[in-house]
$ cat final-v9.cif   # mmCIF, C-alpha atoms
data_model
loop_
_atom_site.label_atom_id
_atom_site.label_comp_id
_atom_site.auth_asym_id
_atom_site.auth_seq_id
_atom_site.Cartn_x
_atom_site.Cartn_y
_atom_site.Cartn_z
CA MET G 1 0.00 0.00 0.00
CA LYS G 2 1.25 3.48 -0.85
CA GLN G 3 2.22 5.54 2.17
CA ARG G 4 1.09 9.17 2.07
CA ILE G 5 3.18 10.92 4.69
CA GLY G 6 2.53 14.47 5.81
CA PHE G 7 5.21 16.71 7.32
CA ILE G 8 4.05 19.74 9.26
CA TYR G 9 6.29 22.56 10.50
CA LEU G 10 6.51 26.28 11.25
CA LYS G 11 9.04 28.70 9.78
CA THR G 12 10.47 29.72 13.16
CA GLY G 13 14.11 29.28 12.25
CA ALA G 14 15.39 27.18 9.37
CA GLY G 15 15.78 23.89 11.23
CA HIS G 16 12.15 22.78 11.19
CA ILE G 17 11.52 23.10 7.47
CA ALA G 18 15.04 21.84 6.68
CA GLY G 19 14.32 18.68 8.67
CA ALA G 20 11.01 18.16 6.90
CA LYS G 21 12.63 18.59 3.48
CA ALA G 22 15.51 16.26 4.32
CA LEU G 23 13.22 13.49 5.59
CA SER G 24 10.73 13.74 2.73
CA ALA G 25 13.48 13.83 0.09
CA LYS G 26 15.13 10.74 1.56
CA LEU G 27 11.83 8.86 1.70
CA MET G 28 11.07 9.72 -1.92
CA ASP G 29 14.57 8.66 -2.90
CA LEU G 30 14.37 5.29 -1.13
CA TYR G 31 10.75 4.48 -1.99
CA PRO G 32 9.92 6.39 -5.20
CA ASP G 33 6.94 4.18 -6.10
CA GLN G 34 5.65 3.57 -2.58
CA ALA G 35 6.00 6.92 -0.81
CA GLU G 36 4.13 10.15 -1.38
CA CYS G 37 5.23 13.07 0.81
CA HIS G 38 3.36 16.31 1.48
CA LEU G 39 4.90 19.27 3.32
CA LYS G 40 2.75 21.83 5.08
CA ASP G 41 3.28 25.06 6.99
CA GLY G 42 0.99 24.72 10.01
CA PHE G 43 -0.07 28.39 9.82
CA ASP G 44 -0.30 28.78 6.05
CA GLN G 45 -4.06 29.34 5.82
CA GLY G 46 -6.63 31.04 8.00
CA ALA G 47 -4.15 31.98 10.73
CA TRP G 48 -2.16 34.91 9.35
CA PHE G 49 -1.93 36.60 12.76
CA LEU G 50 -0.51 33.40 14.31
CA LYS G 51 1.93 33.11 11.43
CA PHE G 52 3.02 36.72 11.92
CA PHE G 53 3.34 36.35 15.70
CA PHE G 54 5.31 33.10 15.69
CA GLU G 55 7.49 33.66 12.62
CA LYS G 56 8.15 37.41 12.60
CA GLY G 57 7.98 37.61 16.38
CA TYR G 58 10.54 34.82 16.75
CA LEU G 59 12.97 36.38 14.29
CA ALA G 60 12.57 39.91 15.64
CA SER G 61 12.83 38.98 19.32
CA THR G 62 15.76 36.56 19.02
CA ASN G 63 17.74 39.02 16.90
CA TYR G 64 16.78 42.37 18.43
CA PHE G 65 15.02 41.82 21.78
CA GLU G 66 16.22 38.57 23.28
CA PRO G 67 14.96 39.32 26.85
CA GLY G 68 11.42 39.48 25.45
CA TYR G 69 11.83 36.10 23.76
CA VAL G 70 13.33 34.53 26.90
CA ALA G 71 10.44 35.85 29.00
CA PHE G 72 7.91 34.38 26.55
CA TYR G 73 9.88 31.10 26.46
CA GLN G 74 9.67 30.81 30.26
CA LEU G 75 6.00 31.82 30.44
CA TYR G 76 5.23 29.35 27.68
CA ALA G 77 6.51 26.53 29.92
CA LEU G 78 3.70 26.91 32.47
CA SER G 79 0.94 24.31 32.17
CA PRO G 80 -1.98 26.82 32.29
CA MET G 81 -0.38 28.76 29.44
CA LEU G 82 -0.02 25.58 27.37
CA HIS G 83 -3.71 24.77 27.80
CA LEU G 84 -4.69 28.36 26.99
CA LEU G 85 -2.48 28.40 23.90
CA LYS G 86 -4.03 25.19 22.59
CA LYS G 87 -7.51 26.60 23.16
CA LEU G 88 -6.68 29.82 21.31
CA ILE G 89 -4.96 28.19 18.35
CA THR G 90 -7.26 25.21 17.73
CA PRO G 91 -10.18 27.03 15.99
CA TYR G 92 -7.86 28.70 13.47
CA THR G 93 -5.64 25.74 12.63
CA VAL G 94 -7.38 22.41 13.13
CA PRO G 95 -9.97 22.76 10.30
CA ASN G 96 -7.20 23.56 7.83
CA LEU G 97 -5.16 20.59 9.01
CA VAL G 98 -8.22 18.32 8.83
CA ASN G 99 -8.64 19.35 5.20
CA PHE G 100 -4.93 18.64 4.58
CA LEU G 101 -5.27 15.13 6.01
CA LYS G 102 -8.41 14.36 4.01
CA SER G 103 -7.49 15.92 0.67
CA ASN G 104 -4.08 14.22 0.56
CA LYS G 105 -5.34 10.97 2.14
CA ILE G 106 -2.53 11.15 4.70
CA THR G 107 -1.71 7.79 6.27
CA LYS G 108 0.99 9.04 8.63
CA LEU G 109 1.75 12.52 10.04
CA VAL G 110 5.16 13.79 11.14
CA CYS G 111 5.26 16.99 13.24
CA LEU G 112 8.45 19.04 13.56
CA HIS G 113 7.29 21.94 15.74
CA HIS G 114 6.20 21.74 19.38
CA THR G 115 3.33 24.23 19.06
CA LEU G 116 1.65 22.05 16.45
CA ILE G 117 1.74 18.66 18.21
CA PRO G 118 -1.55 19.11 20.15
CA ILE G 119 -3.10 20.59 16.99
CA CYS G 120 -2.01 17.56 14.95
CA ARG G 121 -3.46 15.22 17.55
CA GLU G 122 -6.79 17.06 17.52
CA ALA G 123 -6.98 17.02 13.72
CA ILE G 124 -6.12 13.32 13.54
CA ASN G 125 -8.80 12.51 16.12
CA ARG G 126 -11.39 14.24 13.93
CA VAL G 127 -10.34 12.35 10.78
CA ASN G 128 -9.12 8.94 11.94
CA PRO G 129 -7.59 8.41 15.41
CA ASN G 130 -5.57 5.48 14.05
CA ILE G 131 -3.39 7.68 11.82
CA PRO G 132 0.06 7.54 13.47
CA LEU G 133 1.46 10.83 14.77
CA ILE G 134 5.26 11.00 14.99
CA SER G 135 6.77 14.14 16.55
CA ILE G 136 10.45 15.04 16.28
CA VAL G 137 11.99 17.18 19.02
CA MET G 138 14.23 19.56 17.06
CA ASP G 139 16.03 20.91 20.15
CA PRO G 140 18.68 18.30 21.00
CA PHE G 141 19.66 19.21 24.58
CA THR G 142 17.56 22.02 26.10
CA VAL G 143 14.01 20.88 25.45
CA HIS G 144 11.00 23.10 26.14
CA PRO G 145 8.21 21.39 28.19
CA ILE G 146 5.68 21.93 25.38
CA TRP G 147 7.37 19.12 23.42
CA PHE G 148 6.05 16.72 26.10
CA PHE G 149 2.60 18.32 26.55
CA GLU G 150 0.76 15.92 24.21
CA LYS G 151 1.39 12.33 25.34
CA ASN G 152 -0.44 10.53 22.51
CA THR G 153 2.37 10.71 19.96
CA GLU G 154 5.51 8.79 19.12
CA LEU G 155 8.29 11.17 20.18
CA ILE G 156 11.79 11.20 18.69
CA VAL G 157 14.57 12.84 20.69
CA PHE G 158 18.23 13.39 19.80
CA SER G 159 20.01 12.99 23.16
CA LYS G 160 20.07 10.86 26.28
CA LYS G 161 19.52 14.02 28.30
CA ALA G 162 16.25 14.74 26.49
CA LEU G 163 15.15 11.11 26.83
CA LEU G 164 15.69 11.03 30.60
CA GLU G 165 14.06 14.42 31.06
CA ALA G 166 10.98 13.25 29.16
CA ILE G 167 10.61 10.18 31.39
CA ASN G 168 11.62 11.52 34.79
CA LYS G 169 10.43 15.13 34.71
CA HIS G 170 7.49 15.06 32.31
CA LYS G 171 6.27 11.47 32.86
CA PHE G 172 6.21 10.79 29.13
CA PRO G 173 5.41 7.11 28.33
CA SER G 174 8.77 5.39 27.79
CA ASP G 175 7.33 3.07 25.13
CA LYS G 176 6.54 6.13 22.98
CA LEU G 177 10.05 7.59 23.21
CA HIS G 178 12.72 6.92 20.59
CA GLN G 179 16.29 8.25 20.55
CA PHE G 180 18.22 8.81 17.31
CA PRO G 181 21.15 11.02 16.25
CA LEU G 182 20.37 14.52 15.01
CA ILE G 183 18.98 15.00 11.49
CA LEU G 184 21.61 16.52 9.21
CA SER G 185 21.94 17.02 5.48
CA GLU G 186 23.83 14.16 3.85
CA LYS G 187 26.11 16.80 2.32
CA PHE G 188 27.85 16.94 5.71
CA ASP G 189 28.39 13.20 6.11
CA LYS G 190 32.06 13.56 5.22
CA PRO G 191 34.44 16.48 4.69
CA TYR G 192 35.62 17.59 1.26
CA THR G 193 38.99 16.46 -0.06
CA GLN G 194 41.80 18.98 -0.50
CA ASP G 195 41.22 18.92 -4.25
CA GLN G 196 37.53 19.74 -3.76
CA ILE G 197 38.40 22.58 -1.37
CA ALA G 198 40.88 24.04 -3.86
CA SER G 199 38.29 23.82 -6.63
CA ILE G 200 35.63 25.63 -4.56
CA LYS G 201 38.05 28.38 -3.57
CA GLU G 202 38.97 28.96 -7.20
CA LYS G 203 35.33 28.99 -8.26
CA LEU G 204 34.34 31.55 -5.59
CA GLY G 205 37.46 33.69 -5.90
CA ILE G 206 38.71 32.84 -2.40
CA PRO G 207 42.49 33.05 -1.78
CA LYS G 208 44.16 29.65 -1.51
CA ASP G 209 47.02 30.89 0.67
CA LYS G 210 45.02 32.39 3.57
CA LYS G 211 43.24 30.96 6.57
CA ILE G 212 39.46 31.21 6.14
CA VAL G 213 36.96 32.23 8.82
CA LEU G 214 33.27 31.75 8.03
CA ILE G 215 30.78 33.97 9.89
CA VAL G 216 27.27 32.58 9.60
CA GLY G 217 24.08 32.69 11.64
CA GLY G 218 21.18 31.10 9.78
CA GLY G 219 18.52 32.79 7.67
CA GLU G 220 18.88 36.18 9.38
CA GLY G 221 22.67 36.18 9.59
CA LEU G 222 24.70 36.49 12.78
CA LYS G 223 23.33 39.38 14.83
CA ASN G 224 26.75 40.63 16.01
CA ALA G 225 28.47 40.07 12.64
CA ASN G 226 29.13 43.82 12.17
CA SER G 227 31.07 44.09 15.41
CA ILE G 228 33.02 40.91 14.71
CA VAL G 229 34.05 42.04 11.21
CA GLN G 230 35.06 45.45 12.57
CA ALA G 231 37.22 43.74 15.22
CA PHE G 232 38.99 41.72 12.50
CA ILE G 233 39.55 44.88 10.44
CA LYS G 234 41.15 46.67 13.39
CA LYS G 235 43.38 43.67 14.10
CA LYS G 236 44.72 43.76 10.52
CA ALA G 237 45.23 40.00 10.63
CA GLU G 238 46.06 38.13 7.42
CA ILE G 239 42.82 36.14 7.64
CA PHE G 240 40.16 35.99 4.95
CA LEU G 241 36.55 36.42 6.11
CA ILE G 242 33.44 34.98 4.51
CA VAL G 243 30.20 36.43 5.90
CA VAL G 244 26.78 34.98 5.07
CA CYS G 245 23.98 37.46 5.83
CA GLY G 246 21.07 35.26 4.75
CA LYS G 247 17.95 37.29 4.04
CA ASN G 248 19.07 40.14 6.29
CA ARG G 249 19.56 42.96 3.77
CA PRO G 250 20.29 45.68 6.36
CA LEU G 251 23.13 43.53 7.73
CA ARG G 252 24.58 43.02 4.26
CA HIS G 253 24.36 46.71 3.39
CA SER G 254 25.96 47.79 6.66
CA LEU G 255 28.80 45.29 6.18
CA GLU G 256 29.38 46.46 2.62
CA TYR G 257 29.55 50.06 3.85
CA LEU G 258 31.95 49.07 6.63
CA VAL G 259 34.24 47.21 4.24
CA HIS G 260 34.18 50.12 1.78
CA PHE G 261 34.88 52.66 4.53
CA TYR G 262 37.96 50.80 5.75
CA ASN G 263 38.98 49.65 2.25
CA PHE G 264 39.17 46.10 3.62
CA LYS G 265 40.01 43.52 0.96
CA ASN G 266 40.15 40.21 2.83
CA ILE G 267 36.43 39.56 2.86
CA LYS G 268 33.60 38.18 0.76
CA ILE G 269 29.99 38.95 1.70
CA PHE G 270 27.05 36.80 0.64
CA GLY G 271 23.32 37.11 1.11
CA PHE G 272 21.24 33.95 1.07
CA VAL G 273 23.23 31.03 -0.38
CA SER G 274 22.40 27.52 -1.56
CA PHE G 275 26.02 26.32 -1.29
CA MET G 276 26.57 26.45 2.47
CA PRO G 277 28.31 23.02 2.52
CA ASP G 278 30.95 24.45 0.16
CA LEU G 279 31.56 27.48 2.38
CA MET G 280 31.73 25.41 5.54
CA ASN G 281 34.15 22.92 4.02
CA ILE G 282 36.62 25.56 2.80
CA ALA G 283 36.58 27.34 6.19
CA ASP G 284 39.28 26.68 8.78
CA CYS G 285 37.09 27.98 11.61
CA ILE G 286 33.39 28.85 11.84
CA ILE G 287 31.90 31.65 13.95
CA THR G 288 28.19 31.11 14.50
CA LYS G 289 25.32 31.21 16.97
CA GLY G 290 24.02 28.50 19.29
CA GLY G 291 21.51 26.83 16.96
CA PRO G 292 22.00 23.07 16.65
CA ALA G 293 22.08 22.65 12.86
CA THR G 294 25.15 24.75 11.94
CA LEU G 295 27.00 23.64 15.07
CA MET G 296 26.55 19.93 14.40
CA GLU G 297 27.16 20.28 10.66
CA SER G 298 30.45 22.04 11.44
CA ILE G 299 31.50 19.34 13.86
CA CYS G 300 30.56 16.58 11.41
CA ILE G 301 33.09 17.90 8.89
CA GLY G 302 35.73 18.49 11.55
CA LYS G 303 35.56 22.29 11.80
CA PRO G 304 36.18 23.99 15.18
CA VAL G 305 33.49 26.50 16.08
CA ILE G 306 33.28 29.72 18.02
CA ILE G 307 29.82 30.51 19.39
CA SER G 308 29.44 34.27 19.61
CA THR G 309 25.85 34.28 20.84
CA TYR G 310 23.10 31.89 21.87
CA ILE G 311 19.48 32.23 22.94
CA ARG G 312 19.28 31.92 26.70
CA GLY G 313 17.25 28.90 27.69
CA GLN G 314 16.59 27.37 24.28
CA GLU G 315 20.20 27.10 23.06
CA LEU G 316 22.04 26.80 26.37
CA GLY G 317 22.42 23.02 26.02
CA ASN G 318 23.93 23.36 22.54
CA MET G 319 26.56 25.81 23.81
CA LEU G 320 27.43 23.60 26.78
CA TYR G 321 27.73 20.54 24.54
CA ILE G 322 30.32 22.31 22.40
CA THR G 323 32.32 23.88 25.22
CA GLN G 324 32.22 21.03 27.74
CA ASN G 325 33.33 18.52 25.11
CA LYS G 326 36.10 20.90 23.92
CA LEU G 327 34.76 21.04 20.36
CA GLY G 328 34.92 24.82 20.25
CA TRP G 329 34.54 27.97 22.32
CA TYR G 330 31.85 30.35 23.54
CA ILE G 331 33.24 33.88 23.18
CA PRO G 332 30.70 36.75 23.16
CA LYS G 333 33.12 39.70 22.81
CA PRO G 334 34.29 40.42 19.23
CA LYS G 335 37.78 41.49 20.37
CA ASN G 336 38.24 38.19 22.21
CA ILE G 337 36.95 36.26 19.20
CA VAL G 338 39.67 37.77 17.02
CA GLU G 339 42.29 36.96 19.66
CA LYS G 340 41.14 33.33 19.83
CA VAL G 341 41.14 32.96 16.04
CA SER G 342 44.67 34.40 15.88
CA GLU G 343 45.75 32.01 18.64
CA ILE G 344 44.41 28.84 17.05
CA PHE G 345 45.71 29.78 13.60
CA SER G 346 49.20 30.46 14.97
CA ASP G 347 49.32 27.19 16.92
CA GLU G 348 48.48 24.16 14.79
CA GLU G 349 48.51 22.00 17.93
CA ILE G 350 45.34 23.70 19.23
CA LEU G 351 43.53 22.97 15.96
CA GLU G 352 44.73 19.38 15.93
CA GLU G 353 43.60 18.80 19.53
CA THR G 354 40.16 20.20 18.69
CA ARG G 355 39.91 18.06 15.54
CA ASP G 356 40.95 14.96 17.51
CA GLN G 357 38.29 15.69 20.11
CA ILE G 358 35.71 16.05 17.34
CA LYS G 359 36.69 12.64 15.94
CA LYS G 360 36.33 11.05 19.38
CA MET G 361 32.71 12.22 19.58
CA ASN G 362 31.91 10.04 16.54
CA ILE G 363 28.93 12.18 15.58
CA ARG G 364 26.62 10.40 13.18
CA ASN G 365 23.80 11.61 10.95
CA GLY G 366 20.45 10.29 12.14
CA LEU G 367 18.62 10.93 8.85
CA ASN G 368 18.58 7.31 7.62
CA ASP G 369 17.63 5.89 11.03
CA ILE G 370 14.71 8.27 11.43
CA VAL G 371 13.52 7.69 7.86
CA ASP G 372 13.60 3.96 8.53
CA PHE G 373 11.58 4.44 11.73
CA ILE G 374 8.96 6.61 10.00
CA TRP G 375 8.62 4.20 7.10
CA ASN G 376 8.30 1.05 9.19
CA PHE G 377 6.04 2.42 11.91
CA ASP G 378 2.52 0.99 11.65
CA THR G 379 0.31 2.77 9.15
CA VAL G 380 -3.50 2.83 9.03
#

$ encode --input "final-v9.cif" --output "structure tokens"
Amino acid sequence: MKQRIGFIYLKTGAGHIAGAKALSAKLMDLYPDQAECHLKDGFDQGAWFLKFFFEKGYLASTNYFEPGYVAFYQLYALSPMLHLLKKLITPYTVPNLVNFLKSNKITKLVCLHHTLIPICREAINRVNPNIPLISIVMDPFTVHPIWFFEKNTELIVFSKKALLEAINKHKFPSDKLHQFPLILSEKFDKPYTQDQIASIKEKLGIPKDKKIVLIVGGGEGLKNANSIVQAFIKKKAEIFLIVVCGKNRPLRHSLEYLVHFYNFKNIKIFGFVSFMPDLMNIADCIITKGGPATLMESICIGKPVIISTYIRGQELGNMLYITQNKLGWYIPKPKNIVEKVSEIFSDEEILEETRDQIKKMNIRNGLNDIVDFIWNFDTV
């Protein structure tokens, strides 16, 4: 029987939709004649104000008013607030999701955003309670309580810490919990060869004789990228910078003005790119934020990372994982970032120790394991 699998997400950060795309693409690749995948934004119809609040509010608060986001994150953890949120959202989202399930004849639903899990359960109950609901906790270490709010779902977690927290703190049924490695793009399964790196540098016009630092922070760029670039300019170090601004046009324009003002040549600025694996592989060090995707992708290809910022609460566990396992550094001050980069580039032993520690972690891509679980889990 053909499996019609739905993937539902929100565009609060790139990780949720990236996970949905990676899983659906792999399923279609492995089972081209047996699988039919449908991706859906949970707030795409009839809930424009929810879409605006969650998407634009998330991006604006995390980049420009983090205390506001942290306060909402903490308030959101209270049980009365979770019940109230479900009550407020249900009328605007469940009918649309019911229509999605019926029109596409969905036989299995995969949810990649915590806010939508109770909504998915409600919609499934209205269509056919036997449709399996599989939820994937996209935060590997610091997991918000809302992920465990709805108990009637198969729940995939990425760490032992999250697994134990689900059982001991939130009383989640252990038979519905499943631990796998983090979902990553297969493009990061192994690092590029030296020949590949040389080819990419030539193609992009990147010097082959300089150390490369990549500054990247997801779809909105790294929020303190301006200050970091300015610190490198003042240091006058012989290091080449690559800065990815994503869709953040003001950041790109301000960086271009800064570079022009100082007549700084050792830099290349990009907006949104589709070749991030190339940029990460040619880099000798990556400066980024505390989100799990870029951090784990960097580690998978053996690149040491410097975390310049992280979201308090949500990304604390990611930062601690990197620093406590000596896979990189958390350095919030731009001046100190430049000093650390200069230090590790002048002492090959530091880089080698970090690379050795990365190898010891034996980080593996969980994409195939999770696809296998989704495919083989009982279908209606």

$ closest_residue --input "final-v9.cif" --among "G:Leu82, G:Ala225, G:Ile311, G:Val110" --to "Ile8 in chain G" --atoms "only C-alpha atoms"
G:Val110

$ residues_around --input "final-v9.cif" --residues "Glu353 in chain G" --least-positions-apart "6" --cutoff "10 Å" --atoms "all atoms listed in the file" --output "PDB file with C-alpha atoms, keeping the file's coordinate frame"
ATOM      1  CA  LYS G 326      36.100  20.900  23.920  1.00  0.00           C
ATOM      2  CA  LEU G 327      34.760  21.040  20.360  1.00  0.00           C
ATOM      3  CA  LYS G 359      36.690  12.640  15.940  1.00  0.00           C
TER       4      LYS G 359
END

$ residues_near_point --input "final-v9.cif" --point "(2.0, 2.8, -8.2)" --cutoff "9 Å" --atoms "all atoms listed in the file" --output "number ranges by chain"
G: 1-2, 33-34

$ closest_residue --input "final-v9.cif" --among "G:Phe141, G:Phe275, G:Phe345, G:Tyr310" --to "Tyr330 in chain G" --atoms "all atoms listed in the file"
G:Tyr310

$ closest_residue --input "final-v9.cif" --among "G:Lys223, G:His170, G:His260, G:Arg312" --to "Ile287 in chain G" --atoms "all atoms listed in the file"
G:Lys223

$ residues_around --input "final-v9.cif" --residues "Glu297 in chain G" --least-positions-apart "4" --cutoff "12 Å" --atoms "only C-alpha atoms" --output "JSON, numbers by chain"
{"G": [15, 182, 183, 184, 185, 186, 187, 188, 189, 190, 191, 276, 277, 278, 279, 280, 281, 286, 288, 291, 292, 293, 301, 302, 303, 304, 305, 358, 363, 364, 365]}

$ atom_distance --input "final-v9.cif" --atom1 "CA of Leu177 in chain G" --atom2 "CA of Arg4 in chain G"
23.0 Å

$ residues_around --input "final-v9.cif" --residues "range 214-218 of chain G" --least-positions-apart "4" --cutoff "10 Å" --atoms "only C-alpha atoms" --output "ChimeraX atom specification"
/G:13-15,222-225,228-229,240-248,267-270,272,276,279-291,293-294,305-309

$ atom_distance --input "final-v9.cif" --atom1 "CA of Leu10 in chain G" --atom2 "CA of Gly42 in chain G"
5.9 Å

$ atom_distance --input "final-v9.cif" --atom1 "CA of Lys201 in chain G" --atom2 "CA of Leu255 in chain G"
21.6 Å

$ decode --input "final-v9.cif" --residues "range 234-245 of chain G" --atoms "N, CA, C and O atoms" --output "PDB file, in the first residue's frame"
ATOM      1  N   LYS G 234      40.239  45.933  12.514  1.00  0.00           N
ATOM      2  CA  LYS G 234      41.148  46.672  13.392  1.00  0.00           C
ATOM      3  C   LYS G 234      42.397  45.865  13.727  1.00  0.00           C
ATOM      4  O   LYS G 234      43.474  46.424  13.927  1.00  0.00           O
ATOM      5  N   LYS G 235      42.245  44.541  13.784  1.00  0.00           N
ATOM      6  CA  LYS G 235      43.379  43.667  14.102  1.00  0.00           C
ATOM      7  C   LYS G 235      44.375  43.594  12.944  1.00  0.00           C
ATOM      8  O   LYS G 235      45.565  43.341  13.150  1.00  0.00           O
ATOM      9  N   LYS G 236      43.895  43.819  11.729  1.00  0.00           N
ATOM     10  CA  LYS G 236      44.720  43.760  10.519  1.00  0.00           C
ATOM     11  C   LYS G 236      45.409  42.398  10.369  1.00  0.00           C
ATOM     12  O   LYS G 236      46.564  42.313   9.939  1.00  0.00           O
ATOM     13  N   ALA G 237      44.676  41.348  10.745  1.00  0.00           N
ATOM     14  CA  ALA G 237      45.233  40.001  10.628  1.00  0.00           C
ATOM     15  C   ALA G 237      45.122  39.506   9.186  1.00  0.00           C
ATOM     16  O   ALA G 237      44.202  39.881   8.452  1.00  0.00           O
ATOM     17  N   GLU G 238      46.065  38.688   8.779  1.00  0.00           N
ATOM     18  CA  GLU G 238      46.056  38.130   7.422  1.00  0.00           C
ATOM     19  C   GLU G 238      45.113  36.919   7.369  1.00  0.00           C
ATOM     20  O   GLU G 238      45.537  35.791   7.140  1.00  0.00           O
ATOM     21  N   ILE G 239      43.867  37.175   7.623  1.00  0.00           N
ATOM     22  CA  ILE G 239      42.824  36.144   7.640  1.00  0.00           C
ATOM     23  C   ILE G 239      41.738  36.585   6.676  1.00  0.00           C
ATOM     24  O   ILE G 239      41.370  37.761   6.637  1.00  0.00           O
ATOM     25  N   PHE G 240      41.213  35.652   5.905  1.00  0.00           N
ATOM     26  CA  PHE G 240      40.156  35.987   4.949  1.00  0.00           C
ATOM     27  C   PHE G 240      38.803  35.638   5.567  1.00  0.00           C
ATOM     28  O   PHE G 240      38.587  34.524   6.059  1.00  0.00           O
ATOM     29  N   LEU G 241      37.889  36.596   5.528  1.00  0.00           N
ATOM     30  CA  LEU G 241      36.554  36.420   6.107  1.00  0.00           C
ATOM     31  C   LEU G 241      35.521  36.132   5.027  1.00  0.00           C
ATOM     32  O   LEU G 241      35.532  36.768   3.969  1.00  0.00           O
ATOM     33  N   ILE G 242      34.646  35.198   5.312  1.00  0.00           N
ATOM     34  CA  ILE G 242      33.445  34.979   4.505  1.00  0.00           C
ATOM     35  C   ILE G 242      32.254  35.201   5.430  1.00  0.00           C
ATOM     36  O   ILE G 242      32.147  34.560   6.481  1.00  0.00           O
ATOM     37  N   VAL G 243      31.371  36.128   5.068  1.00  0.00           N
ATOM     38  CA  VAL G 243      30.201  36.435   5.897  1.00  0.00           C
ATOM     39  C   VAL G 243      28.932  36.124   5.107  1.00  0.00           C
ATOM     40  O   VAL G 243      28.750  36.618   3.995  1.00  0.00           O
ATOM     41  N   VAL G 244      28.069  35.303   5.686  1.00  0.00           N
ATOM     42  CA  VAL G 244      26.783  34.980   5.074  1.00  0.00           C
ATOM     43  C   VAL G 244      25.685  35.712   5.850  1.00  0.00           C
ATOM     44  O   VAL G 244      25.484  35.459   7.039  1.00  0.00           O
ATOM     45  N   CYS G 245      24.994  36.618   5.177  1.00  0.00           N
ATOM     46  CA  CYS G 245      23.979  37.457   5.829  1.00  0.00           C
ATOM     47  C   CYS G 245      22.569  36.882   5.722  1.00  0.00           C
ATOM     48  O   CYS G 245      21.633  37.413   6.323  1.00  0.00           O
TER      49      CYS G 245
END
